[in-house]
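Chemist: data.cif is reproduced in full below (mmCIF, C-alpha atoms).
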data_upload
loop_
_atom_site.label_atom_id
_atom_site.label_comp_id
_atom_site.auth_asym_id
_atom_site.auth_seq_id
_atom_site.Cartn_x
_atom_site.Cartn_y
_atom_site.Cartn_z
CA MET A 30 0.00 0.00 0.00
CA GLN A 31 2.84 2.35 0.88
CA VAL A 32 4.50 1.69 -2.50
CA LEU A 33 1.22 2.24 -4.33
CA ARG A 34 0.63 5.52 -2.50
CA ARG A 35 4.15 6.72 -3.33
CA ALA A 36 3.56 5.83 -7.01
CA THR A 37 0.26 7.76 -6.98
CA LEU A 38 1.92 10.83 -5.43
CA THR A 39 4.77 10.61 -7.92
CA SER A 40 2.28 10.41 -10.77
CA ARG A 41 0.40 13.45 -9.48
CA ALA A 42 3.64 15.36 -9.10
CA VAL A 43 4.63 14.60 -12.68
CA ARG A 44 1.24 15.79 -13.97
CA THR A 45 1.53 18.95 -11.86
CA LEU A 46 4.99 19.65 -13.22
CA GLN A 47 3.79 19.06 -16.80
CA SER A 48 0.87 21.43 -16.28
CA ALA A 49 3.18 24.04 -14.81
CA ARG A 50 5.55 23.66 -17.74
CA ARG A 51 2.69 24.09 -20.26
CA TRP A 52 1.52 27.17 -18.34
CA LEU A 53 4.99 28.65 -18.34
CA GLN A 54 5.30 28.00 -22.10
CA SER A 55 1.83 29.29 -22.97
CA PRO A 56 1.82 32.08 -25.62
CA SER A 57 0.24 34.62 -23.26
CA LEU A 58 2.82 34.06 -20.51
CA THR A 59 5.68 33.89 -23.01
CA THR A 60 4.56 37.24 -24.40
CA GLU A 61 4.35 38.72 -20.90
CA ARG A 62 7.85 37.46 -20.10
CA HIS A 63 9.58 38.24 -23.40
CA GLY A 64 7.37 40.82 -25.12
CA TYR A 65 7.21 41.44 -28.87
CA LEU A 66 9.79 41.93 -31.56
CA PRO A 67 10.39 45.69 -31.88
CA ASP A 68 8.04 47.41 -34.34
CA SER A 69 6.15 44.15 -34.77
CA GLN A 70 3.18 42.18 -33.47
CA SER A 71 5.26 38.99 -33.43
CA PRO A 72 5.63 37.62 -29.87
CA ILE A 73 9.10 36.54 -28.81
CA THR A 74 9.53 32.90 -27.75
CA PRO A 75 12.49 30.85 -26.51
CA GLU A 76 11.10 27.78 -28.29
CA LEU A 77 12.56 26.93 -31.71
CA LYS A 78 9.49 25.82 -33.62
CA PHE A 79 8.98 25.42 -37.37
CA PHE A 80 5.53 25.35 -38.93
CA ASN A 81 4.14 24.23 -42.27
CA SER A 82 0.42 24.95 -42.01
CA VAL A 83 -1.84 27.98 -41.78
CA THR A 84 -4.42 26.17 -39.61
CA ASP A 85 -4.49 26.25 -35.81
CA HIS A 86 -4.28 22.46 -35.57
CA GLY A 87 -1.52 22.08 -38.17
CA GLY A 88 -3.70 20.14 -40.61
CA LYS A 89 -5.04 20.82 -44.09
CA ILE A 90 -7.36 23.72 -44.87
CA PRO A 91 -10.99 22.50 -44.74
CA THR A 92 -13.35 22.77 -47.73
CA TYR A 93 -16.71 24.47 -47.22
CA ARG A 94 -19.68 22.45 -48.50
CA VAL A 95 -23.47 22.72 -48.29
CA LEU A 96 -24.79 19.85 -50.45
CA ASP A 97 -23.48 16.30 -50.50
CA GLY A 98 -22.97 14.32 -53.69
CA VAL A 99 -26.67 13.49 -54.04
CA GLY A 100 -27.93 17.01 -53.48
CA MET A 101 -28.85 16.78 -49.80
CA PRO A 102 -27.73 19.39 -47.24
CA ILE A 103 -24.99 18.00 -45.00
CA ASP A 104 -25.39 18.03 -41.21
CA GLY A 105 -24.86 21.50 -39.79
CA ALA A 106 -24.79 23.22 -43.18
CA GLU A 107 -26.11 26.77 -43.32
CA MET A 108 -28.20 27.17 -46.46
CA PRO A 109 -27.65 30.41 -48.36
CA GLU A 110 -30.74 32.52 -48.94
CA ILE A 111 -32.24 31.31 -52.22
CA SER A 112 -35.74 31.35 -53.71
CA GLU A 113 -37.25 28.90 -56.18
CA THR A 114 -37.10 31.50 -58.97
CA PHE A 115 -33.45 32.26 -58.26
CA ALA A 116 -32.58 28.56 -58.04
CA ARG A 117 -34.24 27.94 -61.41
CA LYS A 118 -32.21 30.71 -63.02
CA ILE A 119 -29.00 29.23 -61.60
CA TYR A 120 -29.86 25.76 -62.84
CA GLU A 121 -30.90 26.89 -66.33
CA ASN A 122 -27.61 28.76 -66.76
CA MET A 123 -25.65 25.75 -65.51
CA VAL A 124 -27.33 23.58 -68.16
CA LEU A 125 -26.92 26.25 -70.85
CA LEU A 126 -23.12 26.31 -70.47
CA PRO A 127 -22.40 22.71 -71.63
CA THR A 128 -25.10 23.00 -74.31
CA LEU A 129 -23.29 26.00 -75.78
CA ASP A 130 -19.88 24.41 -75.25
CA THR A 131 -20.82 21.27 -77.16
CA LEU A 132 -21.97 23.19 -80.22
CA LEU A 133 -19.01 25.59 -80.37
CA TYR A 134 -16.49 22.81 -79.67
CA ASN A 135 -17.89 20.84 -82.60
CA VAL A 136 -17.95 23.98 -84.76
CA GLN A 137 -14.24 24.41 -84.10
CA ARG A 138 -13.61 20.81 -85.09
CA GLN A 139 -15.39 21.57 -88.37
CA GLY A 140 -12.96 24.41 -89.05
CA LYS A 141 -15.54 27.19 -88.75
CA ILE A 142 -13.78 28.88 -85.81
CA SER A 143 -10.12 28.73 -84.89
CA PHE A 144 -10.21 27.98 -81.17
CA TYR A 145 -12.48 27.23 -78.23
CA VAL A 146 -12.35 26.54 -74.49
CA THR A 147 -15.10 24.63 -72.66
CA SER A 148 -16.32 24.85 -69.07
CA TYR A 149 -17.29 21.18 -68.63
CA GLY A 150 -17.29 20.24 -64.95
CA GLU A 151 -16.88 23.82 -63.68
CA GLU A 152 -20.45 25.03 -64.14
CA ALA A 153 -21.15 25.38 -60.40
CA THR A 154 -18.05 27.50 -59.78
CA ILE A 155 -18.77 29.85 -62.68
CA ILE A 156 -22.54 30.27 -62.34
CA GLY A 157 -22.56 30.16 -58.54
CA SER A 158 -20.01 32.96 -58.33
CA ALA A 159 -21.74 35.00 -61.04
CA ALA A 160 -25.00 34.75 -59.10
CA ALA A 161 -23.31 36.03 -55.92
CA LEU A 162 -21.79 39.13 -57.51
CA ALA A 163 -23.60 42.40 -58.09
CA PRO A 164 -24.39 43.01 -61.79
CA ASP A 165 -22.14 46.09 -61.81
CA ASP A 166 -19.14 44.50 -60.08
CA GLU A 167 -16.23 44.56 -62.50
CA VAL A 168 -15.19 41.11 -63.74
CA LEU A 169 -11.83 40.13 -65.21
CA GLY A 170 -11.97 36.59 -66.58
CA GLN A 171 -9.44 34.10 -67.82
CA TYR A 172 -10.88 31.74 -70.48
CA ARG A 173 -13.85 29.86 -68.96
CA GLU A 174 -16.04 32.67 -67.68
CA SER A 175 -18.56 33.05 -70.51
CA GLY A 176 -21.15 31.86 -67.98
CA VAL A 177 -20.73 35.14 -66.06
CA LEU A 178 -21.75 37.05 -69.18
CA LEU A 179 -24.67 34.73 -69.85
CA TRP A 180 -25.87 35.22 -66.28
CA ARG A 181 -25.75 38.99 -66.72
CA GLY A 182 -27.74 38.95 -69.96
CA PHE A 183 -25.01 39.22 -72.60
CA GLY A 184 -26.93 36.72 -74.69
CA LEU A 185 -26.18 33.82 -77.00
CA ASP A 186 -26.07 36.03 -80.09
CA ASN A 187 -23.19 38.07 -78.67
CA ILE A 188 -21.31 34.96 -77.53
CA VAL A 189 -21.50 33.32 -80.96
CA ALA A 190 -20.83 36.59 -82.81
CA GLN A 191 -17.56 37.00 -80.94
CA CYS A 192 -16.45 33.43 -81.63
CA LEU A 193 -17.17 33.85 -85.34
CA GLY A 194 -15.87 37.42 -85.46
CA ASN A 195 -18.84 38.69 -87.48
CA GLU A 196 -20.30 42.18 -87.92
CA GLU A 197 -22.24 41.91 -84.62
CA ASP A 198 -19.15 41.17 -82.55
CA THR A 199 -19.34 43.83 -79.84
CA SER A 200 -16.34 42.43 -77.94
CA GLY A 201 -13.62 43.22 -80.46
CA LYS A 202 -15.13 43.81 -83.92
CA GLY A 203 -13.60 40.60 -85.22
CA LYS A 204 -10.06 41.42 -84.10
CA GLN A 205 -9.83 38.97 -81.20
CA MET A 206 -9.58 35.18 -81.28
CA PRO A 207 -12.63 33.22 -80.03
CA VAL A 208 -13.70 33.28 -76.34
CA HIS A 209 -12.01 36.65 -75.78
CA PHE A 210 -15.20 38.36 -74.67
CA GLY A 211 -15.61 41.86 -73.35
CA SER A 212 -18.52 44.16 -72.54
CA PRO A 213 -18.49 47.61 -70.91
CA GLN A 214 -22.28 47.35 -70.62
CA PHE A 215 -22.03 44.21 -68.50
CA HIS A 216 -18.88 45.29 -66.62
CA PHE A 217 -16.76 42.51 -68.10
CA LEU A 218 -13.25 43.56 -69.11
CA THR A 219 -11.99 42.03 -72.35
CA ILE A 220 -10.19 38.74 -71.83
CA SER A 221 -6.46 38.81 -72.53
CA SER A 222 -4.56 35.79 -73.86
CA PRO A 223 -1.35 36.01 -71.78
CA LEU A 224 -1.72 33.93 -68.65
CA ALA A 225 -2.50 35.73 -65.37
CA THR A 226 -2.12 39.31 -66.63
CA GLN A 227 -5.70 40.01 -65.52
CA ILE A 228 -4.77 39.50 -61.84
CA PRO A 229 -2.73 42.67 -61.24
CA HIS A 230 -5.11 44.48 -63.62
CA ALA A 231 -7.97 43.54 -61.29
CA ALA A 232 -6.17 45.03 -58.30
CA GLY A 233 -5.79 48.25 -60.30
CA VAL A 234 -9.44 48.24 -61.35
CA ALA A 235 -10.50 47.73 -57.74
CA TYR A 236 -8.26 50.59 -56.65
CA ALA A 237 -9.90 52.81 -59.28
CA ILE A 238 -13.28 51.90 -57.75
CA THR A 239 -12.06 53.24 -54.38
CA ARG A 240 -11.28 56.55 -56.10
CA SER A 241 -14.78 56.85 -57.53
CA PRO A 242 -18.36 57.30 -56.26
CA ARG A 243 -18.64 53.48 -56.35
CA ARG A 244 -16.36 53.19 -53.31
CA GLY A 245 -17.95 50.90 -50.74
CA LYS A 246 -20.48 49.60 -53.28
CA ASN A 247 -18.54 47.43 -55.73
CA CYS A 248 -15.53 45.19 -56.06
CA ALA A 249 -13.43 43.80 -58.91
CA ALA A 250 -13.69 40.01 -59.22
CA VAL A 251 -10.87 38.22 -61.02
CA TYR A 252 -10.97 34.58 -62.17
CA PHE A 253 -7.94 32.37 -62.81
CA GLY A 254 -6.79 28.78 -62.51
CA GLU A 255 -4.36 27.21 -60.07
CA GLY A 256 -1.78 27.13 -62.86
CA ALA A 257 -2.01 30.90 -63.32
CA ALA A 258 -1.35 31.23 -59.57
CA SER A 259 2.20 30.05 -60.27
CA GLU A 260 2.82 33.18 -62.31
CA GLY A 261 4.43 36.23 -60.74
CA ASP A 262 1.37 38.27 -61.71
CA PHE A 263 -0.64 36.41 -59.07
CA HIS A 264 1.68 37.52 -56.31
CA ALA A 265 1.85 41.07 -57.65
CA GLY A 266 -1.94 41.30 -57.67
CA MET A 267 -2.28 39.84 -54.17
CA LEU A 268 0.39 42.16 -52.78
CA PHE A 269 -1.22 45.20 -54.39
CA ALA A 270 -4.75 44.36 -53.19
CA SER A 271 -3.62 43.68 -49.62
CA THR A 272 -1.24 46.60 -49.05
CA ILE A 273 -2.54 49.55 -51.11
CA PRO A 274 -5.31 48.20 -50.53
CA SER A 275 -8.17 47.57 -53.00
CA PRO A 276 -11.45 45.56 -52.93
CA THR A 277 -10.29 42.73 -55.20
CA LEU A 278 -12.05 39.36 -55.05
CA PHE A 279 -9.64 36.64 -56.20
CA ILE A 280 -11.54 33.54 -57.42
CA VAL A 281 -9.28 30.56 -58.10
CA ARG A 282 -10.73 27.71 -60.12
CA ASN A 283 -8.56 24.84 -58.91
CA ASN A 284 -9.63 22.28 -61.54
CA GLY A 285 -6.73 19.89 -61.07
CA PHE A 286 -4.70 20.66 -64.18
CA ALA A 287 -2.65 23.54 -65.55
CA ILE A 288 -3.05 22.41 -69.15
CA SER A 289 -1.20 19.07 -68.80
CA THR A 290 0.48 19.69 -65.43
CA PRO A 291 -1.47 18.11 -62.55
CA ALA A 292 -1.93 20.12 -59.37
CA ALA A 293 0.35 17.69 -57.49
CA GLU A 294 3.23 18.90 -59.66
CA GLN A 295 2.11 22.54 -59.73
CA TYR A 296 2.71 23.24 -56.03
CA HIS A 297 3.92 21.45 -52.89
CA GLY A 298 1.89 23.40 -50.33
CA ASP A 299 -1.76 23.17 -49.32
CA GLY A 300 -3.28 24.48 -52.53
CA ILE A 301 -3.71 28.15 -53.36
CA ALA A 302 -5.74 29.01 -50.24
CA ALA A 303 -2.63 28.55 -48.09
CA ARG A 304 -1.11 31.61 -49.76
CA GLY A 305 -3.86 34.02 -48.72
CA PRO A 306 -2.85 34.49 -45.05
CA GLY A 307 0.68 35.26 -46.23
CA TYR A 308 -0.72 38.42 -47.75
CA GLY A 309 -2.96 39.14 -44.79
CA VAL A 310 -6.24 38.61 -46.65
CA TRP A 311 -9.35 36.67 -45.68
CA THR A 312 -9.35 33.28 -47.38
CA VAL A 313 -11.73 30.36 -47.83
CA ARG A 314 -11.67 27.06 -49.68
CA VAL A 315 -15.00 25.90 -51.12
CA ASP A 316 -16.33 22.84 -52.90
CA GLY A 317 -16.47 24.22 -56.44
CA ASN A 318 -18.91 21.51 -57.55
CA ASP A 319 -21.49 22.60 -54.95
CA VAL A 320 -23.24 25.63 -56.41
CA LEU A 321 -24.87 26.59 -53.10
CA ALA A 322 -21.53 26.50 -51.30
CA VAL A 323 -20.00 28.67 -54.01
CA LEU A 324 -22.95 31.07 -53.83
CA GLY A 325 -22.65 31.43 -50.06
CA ALA A 326 -18.86 31.70 -50.04
CA ILE A 327 -18.70 34.36 -52.75
CA ARG A 328 -21.49 36.39 -51.15
CA GLU A 329 -19.60 36.50 -47.85
CA ALA A 330 -16.25 37.08 -49.59
CA ARG A 331 -17.71 40.00 -51.56
CA LYS A 332 -19.15 41.48 -48.37
CA ARG A 333 -15.78 41.36 -46.58
CA CYS A 334 -13.99 42.62 -49.66
CA ILE A 335 -16.14 45.75 -49.91
CA GLU A 336 -16.49 46.45 -46.18
CA GLU A 337 -12.74 46.25 -45.54
CA GLY A 338 -11.66 47.55 -48.95
CA ARG A 339 -9.06 44.82 -49.19
CA GLY A 340 -8.45 41.65 -51.20
CA VAL A 341 -10.21 38.35 -50.39
CA LEU A 342 -9.18 34.96 -51.79
CA VAL A 343 -11.59 32.12 -52.62
CA GLU A 344 -10.26 28.76 -53.82
CA ALA A 345 -12.95 26.69 -55.56
CA MET A 346 -12.03 23.01 -55.73
CA THR A 347 -13.42 21.51 -58.94
CA TYR A 348 -12.38 19.25 -61.81
CA ARG A 349 -11.82 20.05 -65.49
CA VAL A 350 -13.82 17.37 -67.26
CA GLY A 351 -13.07 18.71 -70.75
CA HIS A 352 -9.75 19.15 -72.51
CA HIS A 353 -7.86 22.34 -71.67
CA SER A 354 -8.85 23.73 -75.06
CA THR A 355 -9.34 22.59 -78.64
CA SER A 356 -5.53 22.59 -78.88
CA ASP A 357 -5.24 19.92 -76.20
CA ASP A 358 -5.80 16.16 -75.92
CA SER A 359 -6.05 15.55 -72.17
CA PHE A 360 -6.09 11.77 -72.59
CA ALA A 361 -2.39 12.02 -73.29
CA TYR A 362 -1.80 12.79 -69.60
CA ARG A 363 -4.85 11.35 -67.78
CA SER A 364 -6.96 8.27 -68.27
CA ARG A 365 -10.37 8.32 -69.89
CA SER A 366 -11.72 6.27 -66.98
CA GLU A 367 -10.66 8.98 -64.50
CA VAL A 368 -12.67 11.57 -66.41
CA GLU A 369 -15.71 9.33 -66.76
CA ASP A 370 -15.63 8.54 -63.04
CA LYS A 371 -15.59 12.24 -62.17
CA LYS A 372 -18.50 12.93 -64.54
CA ARG A 373 -20.51 10.13 -62.98
CA ILE A 374 -19.66 10.59 -59.30
CA ASP A 375 -19.31 14.36 -58.86
CA ASN A 376 -21.33 16.13 -61.53
CA PRO A 377 -22.22 19.66 -60.32
CA ILE A 378 -25.30 19.91 -62.55
CA THR A 379 -26.68 16.56 -61.35
CA ARG A 380 -26.02 17.47 -57.73
CA PHE A 381 -28.00 20.71 -57.97
CA ARG A 382 -30.79 19.09 -59.99
CA LEU A 383 -31.26 16.49 -57.25
CA PHE A 384 -31.48 19.29 -54.70
CA MET A 385 -34.07 21.10 -56.84
CA GLU A 386 -36.12 17.92 -57.14
CA SER A 387 -35.95 17.33 -53.38
CA GLN A 388 -37.44 20.81 -52.86
CA GLY A 389 -40.23 20.18 -55.35
CA TRP A 390 -38.81 22.88 -57.63
CA TRP A 391 -38.01 20.65 -60.62
CA SER A 392 -39.32 17.62 -62.51
CA LYS A 393 -38.29 15.27 -65.29
CA ASP A 394 -40.72 16.89 -67.73
CA GLU A 395 -39.22 20.31 -67.01
CA GLU A 396 -35.74 18.85 -67.47
CA ASP A 397 -36.59 17.44 -70.90
CA ALA A 398 -38.27 20.69 -71.97
CA LEU A 399 -35.33 22.81 -70.78
CA ARG A 400 -32.68 20.80 -72.61
CA ALA A 401 -34.71 20.79 -75.83
CA ARG A 402 -35.28 24.55 -75.63
CA LEU A 403 -31.66 25.40 -74.87
CA LYS A 404 -30.38 23.19 -77.69
CA LYS A 405 -32.78 24.91 -80.09
CA ASP A 406 -31.78 28.40 -78.86
CA VAL A 407 -28.06 27.67 -79.23
CA MET A 408 -28.49 26.21 -82.72
CA GLN A 409 -30.59 29.19 -83.85
CA ALA A 410 -28.00 31.64 -82.55
CA PHE A 411 -25.24 29.84 -84.43
CA LYS A 412 -27.14 29.59 -87.73
CA ARG A 413 -28.00 33.27 -87.55
CA ALA A 414 -24.40 34.29 -86.81
CA GLU A 415 -22.93 31.96 -89.43
CA GLY A 416 -24.83 33.76 -92.18
CA MET A 417 -23.47 37.18 -91.29
CA GLN A 418 -20.53 39.00 -92.82
CA LYS A 419 -17.41 40.15 -91.07
CA PRO A 420 -17.16 43.79 -89.91
CA GLU A 421 -16.21 46.49 -92.43
CA LEU A 422 -12.54 46.42 -93.33
CA GLN A 423 -11.94 49.83 -91.82
CA GLU A 424 -12.83 48.43 -88.38
CA MET A 425 -9.47 46.68 -88.51
CA PHE A 426 -7.88 49.97 -87.50
CA THR A 427 -10.42 51.34 -85.01
CA ASP A 428 -10.38 50.91 -81.23
CA VAL A 429 -6.74 49.85 -81.18
CA TYR A 430 -5.32 52.94 -79.49
CA GLY A 431 -6.97 55.68 -77.48
CA GLY A 432 -6.46 59.37 -78.23
CA GLU A 433 -4.78 60.60 -81.39
CA GLU A 434 -4.19 57.92 -84.01
CA PRO A 435 -0.48 56.99 -84.12
CA TRP A 436 1.61 57.07 -87.28
CA ASN A 437 1.94 53.29 -87.60
CA ILE A 438 -1.84 52.81 -87.88
CA ARG A 439 -2.05 55.49 -90.60
CA GLU A 440 0.83 53.84 -92.44
CA GLN A 441 -0.78 50.38 -92.29
CA ARG A 442 -4.11 51.74 -93.51
CA GLU A 443 -2.43 53.41 -96.50
CA GLU A 444 -0.55 50.22 -97.32
CA LEU A 445 -3.76 48.15 -97.27
CA ALA A 446 -5.52 50.72 -99.47
CA GLY A 447 -2.74 50.44 -102.05
CA LEU A 448 -2.87 46.65 -102.09
CA LEU A 449 -6.65 46.63 -102.45
CA LYS A 450 -6.50 48.98 -105.41
CA LYS A 451 -3.90 46.80 -107.02
CA TYR A 452 -5.45 43.36 -106.40
CA GLY A 453 -8.98 43.84 -105.06
CA ASN A 454 -10.79 43.88 -108.41
CA ASP A 455 -8.53 41.55 -110.36
CA TRP A 456 -7.04 38.76 -108.23
CA GLU A 457 -9.60 36.07 -107.42
CA PRO A 458 -8.36 35.16 -103.90
CA TRP A 459 -8.67 38.81 -102.85
CA LYS A 460 -12.03 39.26 -104.58
CA SER A 461 -13.55 36.23 -102.84
CA GLU A 462 -12.12 37.26 -99.47
CA LEU A 463 -13.60 40.76 -99.79
CA GLU A 464 -17.03 39.19 -100.29
CA ARG A 465 -16.92 38.04 -96.66
CA PHE A 466 -16.72 41.61 -95.31
CA LYS A 467 -19.58 44.01 -94.79
CA GLY A 468 -19.42 46.53 -97.65
CA LYS A 469 -17.06 44.19 -99.52
CA GLY A 470 -14.23 46.69 -99.14
CA GLN A 471 -15.88 49.20 -101.47
CA GLU A 472 -15.04 52.05 -99.11
CA TRP A 473 -11.41 51.31 -99.97
CA LEU A 474 -11.70 50.45 -103.64
CA LYS A 475 -13.49 53.70 -104.46
CA LYS A 476 -10.84 55.88 -102.84
#
Mind turning this structure into structure tokens?
Modeler:
Amino acid sequence: MQVLRRATLTSRAVRTLQSARRWLQSPSLTTERHGYLPDSQSPITPELKFFNSVTDHGGKIPTYRVLDGVGMPIDGAEMPEISETFARKIYENMVLLPTLDTLLYNVQRQGKISFYVTSYGEEATIIGSAAALAPDDEVLGQYRESGVLLWRGFGLDNIVAQCLGNEEDTSGKGKQMPVHFGSPQFHFLTISSPLATQIPHAAGVAYAITRSPRRGKNCAAVYFGEGAASEGDFHAGMLFASTIPSPTLFIVRNNGFAISTPAAEQYHGDGIAARGPGYGVWTVRVDGNDVLAVLGAIREARKRCIEEGRGVLVEAMTYRVGHHSTSDDSFAYRSRSEVEDKKRIDNPITRFRLFMESQGWWSKDEEDALRARLKKDVMQAFKRAEGMQKPELQEMFTDVYGGEEPWNIREQREELAGLLKKYGNDWEPWKSELERFKGKGQEWLKK
């Protein structure tokens, strides 16, 4: 008994000593004893401790989700405010995206347009975020954000006109390659081909908003992929938006691949969200295939962005079902079975449709009618656009530079005029090409 009692006392003493040691090493006491680094909020500690996580518990950043894979709210999920009418609009736009993508992808394969990029598998991220933004928030897209324009009312005719570069192309008057949309009316800055250049531009646009009557009302939302986040422009934009600061909403579509480079080879850290705290900005990771989670996350991110006037980072975890573009064959670097499994197991459109059905907001008959109507609308828009001519030749030289026209544009116009006079009426290749343009180049041939 005496031995047992001694062992018990010894055990208690050890626990007491351990508790005292933890108390002595607690951050609050350490700060009281050692203070802070001069001109800093960093507490001084005698403990040499490395860290490799931005979470309190040292684990991976969690992913915010509302709906499970079969469209049912998960335990404890907070549903974003959404009406039946609003949900229907979201769903119809989600279904419209792949309908449009299928037609224009096939049109490119037929040689009628030069290039195309689909949004297969990323419909929830694109439409969910578009629905959460204000219609006059400035948007700077990468390549897969046509759904934002469709949500805002840009229309199928304008989408197809830009891809074909015909006389109704309001984005660039036929001067841009396909999917490079732009619309001042819908607050969508023209897409630029070089990777990630839109990110620092967005920080500048957001800063301009703070210098205008729109301060405290709007933000600039910029979309990009996890591959673009490896560019220096990403870090420049994040630094600008956090330090100047400016209300820039960074929306990362982490779809698993930077063209052919898988995410596992793109970065070693915990995704893109882990970088946000390094710039001192609010950050969240969201299930990009759950449209309600995206809607709720972007609404809250936008609110913080505008209230604090500083950048906010949202990483949407999704999967690129389609090829990177019509220039890519993704089955050269991933298996077909992997793609088919993703389409079957984690389809964002199916997930939201099941939720709609569970609420009594959708039915099979409505599904069949919707898909038939959208397919008809897309086909009509294409047939109409295909029969149109290209813009007038003179539009080649307009809207290139602001202010006074520079000498090189005048010189190029004069050179083209000379060539048209020499070959336009006599050489068959030139004559047939001129037939494709509105006015057939007569404004040049008569000069």
Chemist: Can you translate the PyMOL selection byres ((chain A and resi 235-244) around 10) into the concrete residues it hits in this file, as a list in words?
Modeler: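 With the shown file as input, the PyMOL selection byres ((chain A and resi 235-244) around 10) matches Asp165, Asp166, Glu167, Pro229, His230, Ala231, Ala232, Gly233, Val234, Gly245, Lys246, Asn247, Cys248, Ala249, Ala250, Phe269, Ala270, Ile273, Pro274, Ser275, Pro276, Thr277, Leu278, Ile335, Glu336, Gly338, Arg339 and Gly340 of chain A.
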Chemist: Tell me which residues the PyMOL selection byres ((chain A and resi 178) around 12) grabs here, as a VMD selection string.
Modeler: chain A and resid 122 126 155 to 156 158 to 160 162 164 to 165 167 to 170 173 to 177 179 to 188 200 208 to 220
Chemist: Selected residues, C-alpha atoms, written as a short mmCIF file (atom, residue, chain, number, x, y, z; two decimals), in the frame of the given file, please.
Modeler:
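As a result, result.cif now contains:
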data_model
loop_
_atom_site.label_atom_id
_atom_site.label_comp_id
_atom_site.auth_asym_id
_atom_site.auth_seq_id
_atom_site.Cartn_x
_atom_site.Cartn_y
_atom_site.Cartn_z
CA ASN A 122 -27.61 28.76 -66.76
CA LEU A 126 -23.12 26.31 -70.47
CA ILE A 155 -18.77 29.85 -62.68
CA ILE A 156 -22.54 30.27 -62.34
CA SER A 158 -20.01 32.96 -58.33
CA ALA A 159 -21.74 35.00 -61.04
CA ALA A 160 -25.00 34.75 -59.10
CA LEU A 162 -21.79 39.13 -57.51
CA PRO A 164 -24.39 43.01 -61.79
CA ASP A 165 -22.14 46.09 -61.81
CA GLU A 167 -16.23 44.56 -62.50
CA VAL A 168 -15.19 41.11 -63.74
CA LEU A 169 -11.83 40.13 -65.21
CA GLY A 170 -11.97 36.59 -66.58
CA ARG A 173 -13.85 29.86 -68.96
CA GLU A 174 -16.04 32.67 -67.68
CA SER A 175 -18.56 33.05 -70.51
CA GLY A 176 -21.15 31.86 -67.98
CA VAL A 177 -20.73 35.14 -66.06
CA LEU A 179 -24.67 34.73 -69.85
CA TRP A 180 -25.87 35.22 -66.28
CA ARG A 181 -25.75 38.99 -66.72
CA GLY A 182 -27.74 38.95 -69.96
CA PHE A 183 -25.01 39.22 -72.60
CA GLY A 184 -26.93 36.72 -74.69
CA LEU A 185 -26.18 33.82 -77.00
CA ASP A 186 -26.07 36.03 -80.09
CA ASN A 187 -23.19 38.07 -78.67
CA ILE A 188 -21.31 34.96 -77.53
CA SER A 200 -16.34 42.43 -77.94
CA VAL A 208 -13.70 33.28 -76.34
CA HIS A 209 -12.01 36.65 -75.78
CA PHE A 210 -15.20 38.36 -74.67
CA GLY A 211 -15.61 41.86 -73.35
CA SER A 212 -18.52 44.16 -72.54
CA PRO A 213 -18.49 47.61 -70.91
CA GLN A 214 -22.28 47.35 -70.62
CA PHE A 215 -22.03 44.21 -68.50
CA HIS A 216 -18.88 45.29 -66.62
CA PHE A 217 -16.76 42.51 -68.10
CA LEU A 218 -13.25 43.56 -69.11
CA THR A 219 -11.99 42.03 -72.35
CA ILE A 220 -10.19 38.74 -71.83
#
Chemist: To one decimal place in Å, what is the distance between CA of Ala287 in chain A and CA of Gln139 in chain A?
Modeler: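 Computed distance, CA of Ala287 in chain A to CA of Gln139 in chain A, equals 26.2 Å.
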Chemist: Would you translate the PyMOL selection byres ((chain A and resi 141-147) around 6) into the concrete set of residues it matches in this file, as a ChimeraX atom specification?
Modeler: /A:130,136-137,139-140,148-149,207,354-355
Chemist: Can you work out which one of A:Asp370, A:Glu329, A:Asp455, A:Asp68 has the shortest atom-to-atom distance to Val341 in chain A, counting all atoms listed in the file?
Modeler: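 Residue with the minimum atom-to-atom distance to Val341 in chain A: A:Glu329.
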Chemist: I'd like the interatomic distance between CA of Gly389 in chain A and CA of Ala106 in chain A, to a tenth of an Å.
Modeler: 19.9 Å
Chemist: Find the residue from A:Thr272, A:Ser259, A:Ser69, A:Thr379 that sits nearest to Glu294 in chain A; use all atoms listed in the file when measuring.
Modeler: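 Of A:Thr272, A:Ser259, A:Ser69, A:Thr379, the one nearest Glu294 in chain A is A:Ser259, counting all atoms listed in the file.
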Chemist: So that I can see what lies close to range 467-472 of chain A, please list as an mmCIF file with C-alpha atoms, keeping the file's coordinate frame the residues with an atom at most 10 Å from it, counting all atoms listed in the file and leaving out residues fewer than 6 positions away in the same chain.
Modeler:
data_model
loop_
_atom_site.group_PDB
_atom_site.id
_atom_site.type_symbol
_atom_site.label_atom_id
_atom_site.label_comp_id
_atom_site.auth_asym_id
_atom_site.auth_seq_id
_atom_site.Cartn_x
_atom_site.Cartn_y
_atom_site.Cartn_z
ATOM 1 C CA ASN A 195 -18.840 38.690 -87.480
ATOM 2 C CA GLU A 196 -20.300 42.180 -87.920
ATOM 3 C CA MET A 417 -23.470 37.180 -91.290
ATOM 4 C CA GLN A 418 -20.530 39.000 -92.820
ATOM 5 C CA LYS A 419 -17.410 40.150 -91.070
ATOM 6 C CA PRO A 420 -17.160 43.790 -89.910
ATOM 7 C CA GLU A 421 -16.210 46.490 -92.430
ATOM 8 C CA LEU A 422 -12.540 46.420 -93.330
ATOM 9 C CA GLN A 423 -11.940 49.830 -91.820
ATOM 10 C CA ALA A 446 -5.520 50.720 -99.470
ATOM 11 C CA LEU A 449 -6.650 46.630 -102.450
ATOM 12 C CA GLY A 453 -8.980 43.840 -105.060
ATOM 13 C CA LYS A 460 -12.030 39.260 -104.580
ATOM 14 C CA SER A 461 -13.550 36.230 -102.840
#
